[in-house]
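Undergrad: For reference, the file entry35.txt (compact mmCIF, C-alpha atoms) is included below:
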# COMPACT_ATOMS: atom_id res chain seq x y z
CA MET A 1 24.77 -3.92 -23.67
CA LYS A 2 21.54 -3.26 -21.78
CA GLN A 3 20.10 -6.35 -20.08
CA ARG A 4 16.53 -7.19 -21.08
CA LEU A 5 13.95 -6.50 -18.41
CA LEU A 6 11.54 -9.44 -18.70
CA SER A 7 13.73 -12.42 -17.85
CA LYS A 8 12.02 -15.75 -17.07
CA ASP A 9 12.35 -15.37 -13.31
CA PHE A 10 11.23 -11.74 -13.25
CA THR A 11 8.25 -12.72 -15.43
CA LEU A 12 7.31 -15.43 -12.89
CA VAL A 13 7.54 -12.85 -10.08
CA VAL A 14 5.24 -10.58 -12.11
CA ILE A 15 2.65 -13.32 -12.75
CA GLY A 16 2.77 -14.46 -9.12
CA GLN A 17 2.25 -10.87 -7.99
CA ILE A 18 -0.77 -10.43 -10.30
CA ILE A 19 -2.52 -13.42 -8.74
CA SER A 20 -1.42 -12.82 -5.14
CA LEU A 21 -2.16 -9.09 -5.12
CA PHE A 22 -5.61 -9.65 -6.65
CA GLY A 23 -6.46 -11.91 -3.71
CA ASN A 24 -4.93 -9.41 -1.29
CA ALA A 25 -6.93 -6.49 -2.72
CA ALA A 26 -10.21 -8.42 -2.66
CA ILE A 27 -9.86 -9.67 0.93
CA ARG A 28 -8.72 -6.27 2.26
CA PHE A 29 -11.76 -4.75 0.55
CA ALA A 30 -14.33 -7.28 1.73
CA LEU A 31 -13.42 -7.82 5.39
CA PRO A 32 -13.37 -4.16 6.57
CA LEU A 33 -16.51 -3.42 4.52
CA TYR A 34 -18.24 -6.40 6.15
CA LEU A 35 -17.32 -4.96 9.56
CA LEU A 36 -18.52 -1.46 8.62
CA ASN A 37 -21.83 -2.84 7.32
CA LEU A 38 -22.35 -4.72 10.59
CA THR A 39 -21.59 -1.81 12.93
CA GLY A 40 -21.92 1.45 10.92
CA SER A 41 -19.21 2.97 13.15
CA SER A 42 -16.34 4.92 11.55
CA ALA A 43 -14.51 4.98 14.91
CA LEU A 44 -14.61 1.17 15.20
CA TYR A 45 -13.64 0.83 11.54
CA GLY A 46 -10.67 3.19 11.99
CA THR A 47 -9.57 1.45 15.19
CA VAL A 48 -9.74 -2.04 13.68
CA THR A 49 -7.84 -1.05 10.54
CA ALA A 50 -5.29 0.74 12.75
CA CYS A 51 -4.79 -2.44 14.79
CA ALA A 52 -4.37 -4.39 11.55
CA PHE A 53 -1.26 -2.37 10.69
CA LEU A 54 0.57 -3.16 13.95
CA PRO A 55 1.78 -6.68 12.97
CA ALA A 56 2.90 -5.32 9.59
CA ILE A 57 5.01 -2.71 11.38
CA LEU A 58 6.58 -5.34 13.64
CA LEU A 59 7.18 -7.96 10.95
CA SER A 60 8.55 -5.74 8.16
CA PRO A 61 12.05 -5.59 9.73
CA VAL A 62 11.98 -9.36 10.19
CA GLY A 63 10.96 -9.73 6.54
CA GLY A 64 13.87 -7.52 5.49
CA ILE A 65 16.38 -9.52 7.55
CA VAL A 66 15.11 -12.83 6.20
CA ALA A 67 15.09 -11.44 2.63
CA ASP A 68 18.81 -10.60 2.94
CA ARG A 69 19.68 -14.05 4.32
CA VAL A 70 17.53 -16.70 2.61
CA ASN A 71 15.98 -17.34 -0.78
CA LYS A 72 13.39 -14.64 -1.51
CA GLY A 73 11.30 -16.97 -3.68
CA ASN A 74 10.88 -19.40 -0.78
CA ILE A 75 9.63 -16.55 1.41
CA MET A 76 6.93 -15.71 -1.15
CA VAL A 77 5.83 -19.36 -1.47
CA ILE A 78 5.57 -20.00 2.28
CA LEU A 79 3.73 -16.76 3.05
CA ASP A 80 1.23 -17.21 0.19
CA PHE A 81 0.34 -20.72 1.41
CA PHE A 82 0.02 -19.39 4.98
CA THR A 83 -2.27 -16.56 3.82
CA ALA A 84 -4.57 -19.05 2.08
CA ALA A 85 -4.73 -21.07 5.32
CA VAL A 86 -5.67 -17.98 7.39
CA ILE A 87 -8.52 -17.11 5.00
CA LEU A 88 -9.88 -20.67 4.99
CA VAL A 89 -9.82 -20.84 8.81
CA PHE A 90 -11.70 -17.51 9.00
CA SER A 91 -14.35 -18.77 6.55
CA LEU A 92 -14.95 -21.80 8.80
CA CYS A 93 -15.19 -19.73 12.02
CA MET A 94 -17.10 -16.64 10.85
CA ASP A 95 -20.57 -17.97 11.75
CA GLY A 96 -19.67 -18.18 15.45
CA ALA A 97 -19.68 -15.53 18.18
CA GLY A 98 -17.17 -12.69 18.57
CA LEU A 99 -17.15 -11.72 14.92
CA VAL A 100 -15.63 -8.24 15.48
CA LEU A 101 -12.68 -9.79 17.33
CA LEU A 102 -12.31 -12.48 14.65
CA VAL A 103 -12.26 -9.91 11.83
CA THR A 104 -9.69 -7.84 13.74
CA LEU A 105 -7.38 -10.82 14.36
CA THR A 106 -7.69 -12.01 10.75
CA LEU A 107 -6.86 -8.57 9.37
CA MET A 108 -3.89 -8.34 11.75
CA LEU A 109 -2.58 -11.68 10.48
CA LEU A 110 -3.09 -10.70 6.83
CA TYR A 111 -1.38 -7.33 7.24
CA GLY A 112 1.44 -8.95 9.22
CA ILE A 113 2.05 -11.49 6.48
CA ALA A 114 2.05 -8.72 3.87
CA GLY A 115 4.54 -6.76 6.00
CA ALA A 116 6.96 -9.69 5.95
CA TYR A 117 6.24 -10.43 2.28
CA GLN A 118 6.83 -7.03 0.64
CA PRO A 119 10.55 -6.61 1.52
CA ALA A 120 11.23 -9.91 -0.27
CA VAL A 121 9.44 -8.70 -3.41
CA GLN A 122 11.08 -5.26 -3.44
CA ALA A 123 14.53 -6.68 -2.65
CA SER A 124 14.21 -9.23 -5.46
CA ILE A 125 13.93 -6.52 -8.15
CA PRO A 126 17.61 -5.45 -8.04
CA ALA A 127 18.59 -9.15 -8.03
CA LEU A 128 16.59 -9.88 -11.20
CA VAL A 129 17.01 -6.72 -13.31
CA SER A 130 19.95 -4.50 -14.21
CA ARG A 131 20.53 -1.11 -12.60
CA ASP A 132 19.36 0.58 -15.83
CA ASN A 133 16.01 -1.18 -15.44
CA PHE A 134 15.33 -0.36 -11.76
CA MET A 135 12.72 2.31 -12.62
CA ALA A 136 11.02 0.10 -15.22
CA GLY A 137 11.04 -2.92 -12.87
CA ASN A 138 9.49 -0.94 -10.03
CA SER A 139 6.95 0.55 -12.45
CA ILE A 140 5.86 -2.93 -13.51
CA ILE A 141 5.48 -4.15 -9.90
CA ASN A 142 3.54 -1.00 -8.94
CA ALA A 143 1.38 -1.21 -12.04
CA ILE A 144 0.57 -4.83 -11.20
CA SER A 145 -0.30 -3.88 -7.63
CA SER A 146 -2.59 -1.13 -8.91
CA PHE A 147 -4.16 -3.38 -11.56
CA ALA A 148 -4.87 -6.07 -8.96
CA SER A 149 -6.23 -3.39 -6.60
CA PHE A 150 -8.43 -2.18 -9.46
CA ILE A 151 -9.88 -5.58 -10.37
CA GLY A 152 -10.01 -6.94 -6.80
CA PRO A 153 -12.42 -4.40 -5.25
CA VAL A 154 -14.59 -4.17 -8.38
CA LEU A 155 -15.13 -7.94 -8.66
CA GLY A 156 -15.10 -8.29 -4.87
CA GLY A 157 -17.78 -5.60 -4.57
CA VAL A 158 -20.01 -7.28 -7.16
CA LEU A 159 -19.48 -10.74 -5.63
CA TYR A 160 -19.95 -9.47 -2.06
CA SER A 161 -23.14 -7.52 -2.93
CA ALA A 162 -24.66 -10.49 -4.79
CA TYR A 163 -23.59 -13.50 -2.69
CA GLY A 164 -22.08 -12.27 0.59
CA LEU A 165 -18.63 -12.66 2.10
CA LYS A 166 -17.92 -16.41 1.85
CA PRO A 167 -17.54 -16.65 -1.96
CA VAL A 168 -15.07 -13.74 -1.80
CA LEU A 169 -13.06 -15.63 0.82
CA TRP A 170 -12.93 -18.81 -1.28
CA VAL A 171 -11.81 -16.96 -4.40
CA CYS A 172 -9.07 -15.17 -2.44
CA ALA A 173 -7.79 -18.40 -0.87
CA ALA A 174 -7.60 -19.98 -4.33
CA CYS A 175 -5.59 -16.98 -5.60
CA PHE A 176 -2.96 -17.34 -2.87
CA ILE A 177 -2.63 -21.09 -3.42
CA LEU A 178 -2.18 -20.59 -7.19
CA SER A 179 0.35 -17.81 -6.61
CA ALA A 180 2.37 -19.99 -4.23
CA VAL A 181 2.50 -22.84 -6.76
CA MET A 182 3.67 -20.37 -9.45
CA GLU A 183 6.41 -18.96 -7.22
CA ILE A 184 7.91 -22.41 -6.54
CA PHE A 185 9.60 -22.16 -9.96
CA ILE A 186 11.25 -18.76 -9.37
CA LYS A 187 15.06 -18.72 -9.03
CA ILE A 188 16.33 -15.55 -7.36
CA PRO A 189 20.09 -15.12 -6.84
CA SER A 190 20.82 -14.94 -3.12
CA GLU A 191 23.78 -15.02 -0.78
CA LYS A 192 23.16 -16.88 2.44
CA ARG A 193 24.44 -14.95 5.46
CA ALA A 194 24.87 -16.29 8.95
CA SER A 195 23.18 -14.48 11.80
CA ASP A 196 25.08 -13.53 14.93
CA GLY A 197 22.40 -14.67 17.36
CA GLY A 198 18.64 -15.06 17.68
CA ILE A 199 16.21 -13.51 15.23
CA TRP A 200 15.35 -10.54 17.47
CA LYS A 201 19.01 -9.81 18.27
CA THR A 202 19.79 -9.96 14.56
CA ALA A 203 16.73 -7.79 13.81
CA LYS A 204 17.90 -5.16 16.28
CA ALA A 205 21.44 -5.11 14.86
CA ASP A 206 20.28 -4.99 11.24
CA PHE A 207 17.68 -2.31 11.98
CA ALA A 208 20.36 -0.19 13.67
CA GLU A 209 22.74 -0.71 10.72
CA SER A 210 20.05 0.38 8.27
CA LEU A 211 19.17 3.46 10.32
CA ARG A 212 22.86 4.45 10.46
CA PHE A 213 23.06 4.12 6.68
CA ILE A 214 19.92 6.23 6.16
CA ARG A 215 20.88 8.92 8.70
CA LYS A 216 24.60 9.30 8.04
CA GLU A 217 25.47 7.98 4.59
CA ARG A 218 22.24 8.80 2.70
CA PRO A 219 20.31 11.44 4.71
CA ILE A 220 18.19 12.29 1.66
CA ILE A 221 16.58 8.85 2.07
CA GLY A 222 15.65 9.80 5.63
CA LYS A 223 14.05 13.03 4.43
CA ALA A 224 12.10 11.14 1.79
CA LEU A 225 10.95 8.76 4.53
CA LEU A 226 9.64 11.65 6.66
CA VAL A 227 7.67 12.91 3.66
CA ILE A 228 6.12 9.48 3.14
CA CYS A 229 5.20 9.31 6.84
CA GLY A 230 3.51 12.71 6.68
CA ILE A 231 1.51 11.80 3.58
CA ASN A 232 0.49 8.46 5.10
CA LEU A 233 -0.65 10.16 8.31
CA PHE A 234 -2.61 13.08 6.87
CA LEU A 235 -3.64 12.03 3.34
CA ALA A 236 -3.53 8.26 2.77
CA ALA A 237 -5.21 7.50 6.12
CA MET A 238 -7.97 10.02 5.42
CA ILE A 239 -8.76 8.39 2.07
CA MET A 240 -8.64 4.90 3.57
CA VAL A 241 -11.23 5.80 6.23
CA ALA A 242 -13.28 8.34 4.26
CA LEU A 243 -13.88 6.29 1.12
CA PRO A 244 -15.92 3.44 2.70
CA TYR A 245 -17.43 5.63 5.41
CA LEU A 246 -18.65 8.44 3.16
CA ILE A 247 -19.95 6.17 0.39
CA THR A 248 -21.66 3.51 2.50
CA GLU A 249 -22.73 5.51 5.58
CA VAL A 250 -22.92 9.25 4.77
CA LEU A 251 -23.97 9.75 1.13
CA ASP A 252 -27.63 9.26 0.28
CA LEU A 253 -27.21 5.93 -1.53
CA GLU A 254 -29.19 2.71 -1.17
CA ALA A 255 -27.27 0.13 0.96
CA VAL A 256 -26.63 -2.70 -1.54
CA ARG A 257 -25.96 -0.17 -4.30
CA ALA A 258 -23.59 1.74 -1.99
CA ASN A 259 -21.48 -1.37 -1.37
CA ARG A 260 -21.20 -1.92 -5.11
CA LEU A 261 -20.37 1.73 -5.75
CA TYR A 262 -17.72 1.57 -3.04
CA GLY A 263 -16.18 -1.35 -4.93
CA PHE A 264 -16.09 0.75 -8.10
CA ALA A 265 -14.58 3.68 -6.16
CA GLU A 266 -11.83 1.41 -4.85
CA GLY A 267 -11.38 0.25 -8.43
CA ALA A 268 -11.02 3.87 -9.58
CA LEU A 269 -8.45 4.43 -6.83
CA ALA A 270 -6.48 1.45 -8.10
CA ALA A 271 -6.95 2.54 -11.71
CA GLY A 272 -5.19 5.78 -10.78
CA GLY A 273 -2.36 3.72 -9.37
CA LEU A 274 -2.26 1.63 -12.54
CA ALA A 275 -2.13 4.75 -14.72
CA GLY A 276 0.59 6.19 -12.48
CA GLY A 277 2.64 2.99 -12.60
CA ILE A 278 2.40 2.76 -16.38
CA GLY A 279 3.16 6.47 -16.74
CA ALA A 280 6.22 6.18 -14.48
CA GLY A 281 7.53 3.36 -16.67
CA ILE A 282 6.90 5.14 -19.97
CA PHE A 283 8.33 8.48 -18.82
CA ALA A 284 11.08 7.04 -16.59
CA ASP A 285 13.82 8.91 -18.45
CA ARG A 286 12.00 12.24 -18.03
CA LEU A 287 11.32 11.98 -14.31
CA SER A 288 13.94 13.93 -12.38
CA ILE A 289 14.32 13.74 -8.63
CA HIS A 290 14.28 17.54 -8.16
CA LYS A 291 10.71 17.71 -9.54
CA SER A 292 9.32 14.88 -7.41
CA GLY A 293 7.93 17.32 -4.82
CA ASN A 294 5.51 18.66 -7.44
CA LEU A 295 3.83 15.25 -7.53
CA VAL A 296 3.02 15.51 -3.81
CA ILE A 297 1.57 18.99 -4.38
CA TYR A 298 -0.74 17.60 -7.09
CA CYS A 299 -1.89 14.89 -4.62
CA ALA A 300 -2.74 17.45 -1.93
CA VAL A 301 -4.56 19.80 -4.32
CA SER A 302 -6.71 16.91 -5.59
CA VAL A 303 -8.34 16.62 -2.13
CA PHE A 304 -9.89 20.10 -2.03
CA PRO A 305 -12.69 19.45 -4.58
CA VAL A 306 -13.98 16.64 -2.31
CA SER A 307 -14.37 19.07 0.61
CA ALA A 308 -16.06 21.66 -1.64
CA SER A 309 -18.48 19.08 -3.05
CA LEU A 310 -19.51 17.79 0.39
CA LEU A 311 -20.19 21.39 1.47
CA LEU A 312 -22.05 22.57 -1.66
CA PHE A 313 -24.03 19.55 -2.92
CA SER A 314 -26.59 17.34 -1.21
CA SER A 315 -26.80 14.83 -4.07
CA GLY A 316 -25.20 11.51 -3.16
CA MET A 317 -24.28 10.72 -6.78
CA ILE A 318 -22.61 14.10 -7.40
CA ASN A 319 -20.51 13.70 -4.27
CA TYR A 320 -19.72 10.10 -5.20
CA ILE A 321 -18.48 11.12 -8.67
CA VAL A 322 -16.31 13.94 -7.27
CA ILE A 323 -14.84 11.64 -4.59
CA THR A 324 -14.09 8.93 -7.14
CA VAL A 325 -12.45 11.27 -9.68
CA CYS A 326 -10.34 12.99 -7.02
CA CYS A 327 -9.20 9.69 -5.52
CA PHE A 328 -8.14 8.58 -9.02
CA ALA A 329 -6.02 11.75 -9.32
CA VAL A 330 -4.47 11.35 -5.85
CA MET A 331 -3.51 7.76 -6.57
CA LEU A 332 -2.09 8.58 -10.00
CA PHE A 333 0.32 11.22 -8.71
CA SER A 334 1.21 9.35 -5.50
CA THR A 335 2.08 6.20 -7.46
CA VAL A 336 4.46 8.06 -9.77
CA PHE A 337 6.07 9.58 -6.66
CA THR A 338 6.32 6.15 -4.96
CA VAL A 339 7.91 4.51 -8.02
CA GLN A 340 10.39 7.34 -8.34
CA MET A 341 11.32 7.19 -4.64
CA MET A 342 11.71 3.39 -4.62
CA ALA A 343 13.95 3.43 -7.72
CA PHE A 344 16.01 6.25 -6.16
CA ILE A 345 16.41 4.33 -2.88
CA GLN A 346 17.38 1.11 -4.68
CA ALA A 347 19.98 2.98 -6.74
CA GLU A 348 21.46 4.61 -3.61
CA THR A 349 21.54 1.44 -1.45
CA PRO A 350 24.17 -1.37 -1.60
CA GLN A 351 22.80 -4.82 -2.47
CA ASN A 352 23.77 -6.30 0.92
CA LEU A 353 21.62 -3.69 2.69
CA MET A 354 18.73 -3.65 0.20
CA GLY A 355 16.23 -5.83 2.06
CA LYS A 356 16.94 -4.24 5.45
CA VAL A 357 16.77 -0.64 4.21
CA ILE A 358 13.51 -1.30 2.35
CA ALA A 359 12.13 -3.01 5.48
CA VAL A 360 13.05 0.03 7.62
CA ILE A 361 11.36 2.35 5.12
CA LEU A 362 8.21 0.21 5.00
CA THR A 363 8.18 -0.16 8.79
CA VAL A 364 8.65 3.51 9.66
CA SER A 365 6.27 4.73 6.96
CA MET A 366 3.62 2.24 8.08
CA CYS A 367 3.81 3.56 11.65
CA ALA A 368 1.96 6.66 10.48
CA GLN A 369 -0.89 4.69 8.88
CA PRO A 370 -2.54 3.22 12.02
CA LEU A 371 -2.26 6.56 13.81
CA GLY A 372 -3.93 8.25 10.86
CA ASN A 373 -6.66 5.61 10.59
CA ALA A 374 -7.55 5.91 14.27
CA MET A 375 -7.39 9.72 14.12
CA TYR A 376 -9.68 10.05 11.10
CA GLY A 377 -12.08 7.42 12.42
CA ILE A 378 -12.56 9.58 15.53
CA LEU A 379 -12.64 12.88 13.56
CA PHE A 380 -15.36 11.63 11.21
CA GLU A 381 -17.33 10.29 14.19
CA ILE A 382 -17.08 13.66 16.00
CA GLY A 383 -17.71 15.69 12.85
CA LYS A 384 -20.91 13.98 11.66
CA GLY A 385 -22.66 16.37 9.32
CA PHE A 386 -19.44 18.38 8.84
CA GLU A 387 -17.30 15.79 7.05
CA TYR A 388 -16.08 18.44 4.59
CA ILE A 389 -14.10 20.08 7.44
CA VAL A 390 -12.18 16.84 8.11
CA VAL A 391 -11.36 16.50 4.39
CA LEU A 392 -10.32 20.17 4.22
CA PHE A 393 -7.99 19.67 7.20
CA SER A 394 -6.37 16.70 5.42
CA GLY A 395 -5.81 18.66 2.20
CA THR A 396 -4.39 21.73 3.96
CA VAL A 397 -1.82 19.85 6.05
CA SER A 398 -0.86 17.67 3.05
CA LEU A 399 -0.27 20.77 0.94
CA ILE A 400 2.07 22.23 3.58
CA ILE A 401 4.03 18.94 3.59
CA ALA A 402 4.07 18.93 -0.23
CA VAL A 403 5.59 22.43 -0.50
CA ARG A 404 8.27 21.46 2.00
CA THR A 405 8.98 18.29 -0.01
CA ARG A 406 9.52 20.27 -3.20
CA ASN A 407 12.10 22.45 -1.46
CA ILE A 408 13.96 19.42 -0.05
CA PHE A 409 14.43 17.74 -3.41
CA LYS A 410 15.26 20.99 -5.20
CA LYS A 411 18.14 21.54 -2.77
CA PHE A 412 19.30 17.94 -3.22
CA ALA A 413 19.36 18.33 -7.01
CA GLU A 414 21.36 21.56 -6.72
CA LYS A 415 24.00 19.78 -4.61
Could you write out this file's structure as structure tokens?

TA:
Amino acid sequence: MKQRLLSKDFTLVVIGQIISLFGNAAIRFALPLYLLNLTGSSALYGTVTACAFLPAILLSPVGGIVADRVNKGNIMVILDFFTAAVILVFSLCMDGAGLVLLVTLTLMLLYGIAGAYQPAVQASIPALVSRDNFMAGNSIINAISSFASFIGPVLGGVLYSAYGLKPVLWVCAACFILSAVMEIFIKIPSEKRASDGGIWKTAKADFAESLRFIRKERPIIGKALLVICGINLFLAAMIMVALPYLITEVLDLEAVRANRLYGFAEGALAAGGLAGGIGAGIFADRLSIHKSGNLVIYCAVSVFPVSASLLLFSSGMINYIVITVCCFAVMLFSTVFTVQMMAFIQAETPQNLMGKVIAVILTVSMCAQPLGNAMYGILFEIGKGFEYIVVLFSGTVSLIIAVRTRNIFKKFAEK
């Protein structure tokens, strides 16, 4: 008999994620935009967002180790309360000197917390749903993330344009506090495991164990990880830097209106993720691993119209519409691919290694993101007036990776 998907505890995880991820999306939208509005520098923006990823990379393995050893619900509660505290402290200090440094440190803390938080969420799915429901469970979590990312930037953009940064900060802090209170009531089955030494010694041993599993027992997971790294470096990073920079600094749009339109563009990006998450859940039985490479090809191809539009049209609104529609398409296909990969990895990984393996995947894949952010920040700065060339470069390299990905998973399916 097939276990029902929406148990009480999984439902509480879902509701907590809706609230928490809304706050996360809004604060990650508002703080970098605030910095970009102050400085107008894509290089500084790319460097700061690259620095923000470093704590996430370092803390993801720790999050995976802790998720395999202590109650995952407690991790979510503690980190949500801590996030609310970080935001409130920033709101009290933001009127002082050294604002660029303060924004950088705050983003680093927020990304670091998220890096430790996500392994607990992903590792809780197999503990709360049956194996038959892995794809559906991941689809729901991804759809929620995309829905929150859709609503967060849209409302954050309107609120930020009308009232400034502080109201956005207060709303986000309230979201994390409410999410933490909700998560107190979650009961996630867990097996407490003793560590063989200090946290860093344990982290090193667990990281090595996970790498051995990925390299020797499930090498297809390692290949999937390399694909994700390549896409993060050449495609995801480009979109992350290009979207705010092109809309608020390059296109011929009035400043306050541009900030609001950027919020809607971020919302469209998240709406693509929401559509992809829902689609992955509805068509879970029809999604086969050997066709997953096609999804990456669709992502890469969706970038080329942006380059063509920037070259051919001078109208800010035409370029804005093309950018928004293409970002929706990229996010739709990439989300279906992500859901499919996460369900595949969870199905191939033993429960006792789940948190650590997911943490390794998140850690290694995130390493590409800061490099990409810094690279595209510099490329857009150097290529002022020729932004279409930078976008074309991103699409071309991503397409090469996509074709290689299709061949990898075709061969795996044949075996």

Undergrad: Which polymer residues, protein or nucleic acid, are no farther than 12 Å from (-18.6, -15.2, 12.2), counting all atoms listed in the file, as a list in words?

TA: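 Checking each residue against the 12 Å limit leaves Leu31, Tyr34, Leu35, Leu38, Val89, Phe90, Ser91, Leu92, Cys93, Met94, Asp95, Gly96, Ala97, Gly98, Leu99, Val100, Leu101, Leu102, Val103, Thr104, Thr106, Leu165 and Lys166 of chain A.
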
Undergrad: Just the selected residues (C-alpha atoms), exported as a JSON list (two decimals), in the frame of the given file, please.

TA:
[["chain", "number", "residue", "atom", "x", "y", "z"],
["A", 31, "LEU", "CA", -13.42, -7.82, 5.39],
["A", 34, "TYR", "CA", -18.24, -6.40, 6.15],
["A", 35, "LEU", "CA", -17.32, -4.96, 9.56],
["A", 38, "LEU", "CA", -22.35, -4.72, 10.59],
["A", 89, "VAL", "CA", -9.82, -20.84, 8.81],
["A", 90, "PHE", "CA", -11.70, -17.51, 9.00],
["A", 91, "SER", "CA", -14.35, -18.77, 6.55],
["A", 92, "LEU", "CA", -14.95, -21.80, 8.80],
["A", 93, "CYS", "CA", -15.19, -19.73, 12.02],
["A", 94, "MET", "CA", -17.10, -16.64, 10.85],
["A", 95, "ASP", "CA", -20.57, -17.97, 11.75],
["A", 96, "GLY", "CA", -19.67, -18.18, 15.45],
["A", 97, "ALA", "CA", -19.68, -15.53, 18.18],
["A", 98, "GLY", "CA", -17.17, -12.69, 18.57],
["A", 99, "LEU", "CA", -17.15, -11.72, 14.92],
["A", 100, "VAL", "CA", -15.63, -8.24, 15.48],
["A", 101, "LEU", "CA", -12.68, -9.79, 17.33],
["A", 102, "LEU", "CA", -12.31, -12.48, 14.65],
["A", 103, "VAL", "CA", -12.26, -9.91, 11.83],
["A", 104, "THR", "CA", -9.69, -7.84, 13.74],
["A", 106, "THR", "CA", -7.69, -12.01, 10.75],
["A", 165, "LEU", "CA", -18.63, -12.66, 2.10],
["A", 166, "LYS", "CA", -17.92, -16.41, 1.85]]

Undergrad: Between atom CA of Phe304 of chain A and atom CA of Phe386 of chain A, what is the distance in Å, rounded to a tenth?

TA: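 Value for the atom CA of Phe304 of chain A-atom CA of Phe386 of chain A distance: 14.6 Å.
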
Undergrad: Please identify all polymer residues within 6 Å of Gly152 of chain A, counting only C-alpha atoms, omitting same-chain residues fewer than 4 positions from it, and present them as a PyMOL selection string.

TA: chain A and resi 22+25-26+148+156

Undergrad: Around the point (-4.1, -3.6, 0.3), in the coordinates given by the file, pick out the residues reaching within 9 Å, counting only C-alpha atoms, and return them as a PyMOL selection string.

TA: chain A and resi 21+24-29+111+114+145+149

Undergrad: So what do you get for atom CA of Thr47 of chain A versus atom CA of Ala374 of chain A, distance-wise?

TA: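 Taking atom CA of Thr47 of chain A and atom CA of Ala374 of chain A, their separation equals 5.0 Å.
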
Undergrad: Which residues, written as a ChimeraX atom specification, have at least one atom at most 6 Å from segment 291-299 of chain A, with only C-alpha atoms counted and residues fewer than 2 positions away on the same chain left out?

TA: /A:288-289,301-302,330,333,399,402,405-406

Undergrad: Can you write just those residues out, C-alpha atoms, as a CSV table (one decimal), in the coordinates of the input?

TA:
chain,number,residue,atom,x,y,z
A,288,SER,CA,13.9,13.9,-12.4
A,289,ILE,CA,14.3,13.7,-8.6
A,301,VAL,CA,-4.6,19.8,-4.3
A,302,SER,CA,-6.7,16.9,-5.6
A,330,VAL,CA,-4.5,11.4,-5.8
A,333,PHE,CA,0.3,11.2,-8.7
A,399,LEU,CA,-0.3,20.8,0.9
A,402,ALA,CA,4.1,18.9,-0.2
A,405,THR,CA,9.0,18.3,0.0
A,406,ARG,CA,9.5,20.3,-3.2

Undergrad: Could you tell me which of A:Gly112, A:Gly137, A:Gly46, A:Pro32 comes closest to Phe10 of chain A if we count all atoms listed in the file?

TA: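 Ranking A:Gly112, A:Gly137, A:Gly46, A:Pro32 by distance to Phe10 of chain A, first place goes to A:Gly137.
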
Undergrad: If you count only C-alpha atoms, which residues fall within 12 Å of segment 259-264 of chain A, apart from same-chain ones fewer than 2 positions away, as an MDAnalysis selection string?

TA: chainID A and resid 25:30 32:34 36:37 149:162 164 240 242:249 251 253:257 266:271 316:317 320:321 323:325 327:328

Undergrad: Which residue gives the smallest distance to Val303 of chain A among A:Ile282, A:Leu362, A:Val250, A:Ile239, with all atoms listed in the file counted?

TA: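 Ranking A:Ile282, A:Leu362, A:Val250, A:Ile239 by distance to Val303 of chain A, first place goes to A:Ile239.
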
Undergrad: Expressed in Å to a single decimal, how great is the separation between atom CA of Pro305 of chain A and atom CA of Ile389 of chain A?

TA: 12.1 Å

Undergrad: Give the answer as one residue: which of A:Met342, A:Val306, A:Leu107, A:Ala205 has the shortest atom-to-atom distance to Cys326 of chain A, using only C-alpha atoms?

TA: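 Result for the nearest residue to Cys326 of chain A: A:Val306.
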
Undergrad: Which one of A:Ser314, A:Thr363, A:Gln17, A:Thr83 sits closest to Ala174 of chain A if you count all atoms listed in the file?

TA: A:Thr83

Undergrad: Given the choices A:Val86, A:Ser210, A:Gly230, A:Pro350, which gets closest to Ala173 of chain A if the distance is worked out from only C-alpha atoms?

TA: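 Result for the nearest residue to Ala173 of chain A: A:Val86.
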
Undergrad: Could you check which of A:Val364, A:Ala123, A:Leu44, A:Leu353 is closest to Ile378 of chain A, using only C-alpha atoms?

TA: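 With only C-alpha atoms as the atom set, the closest residue is A:Leu44.
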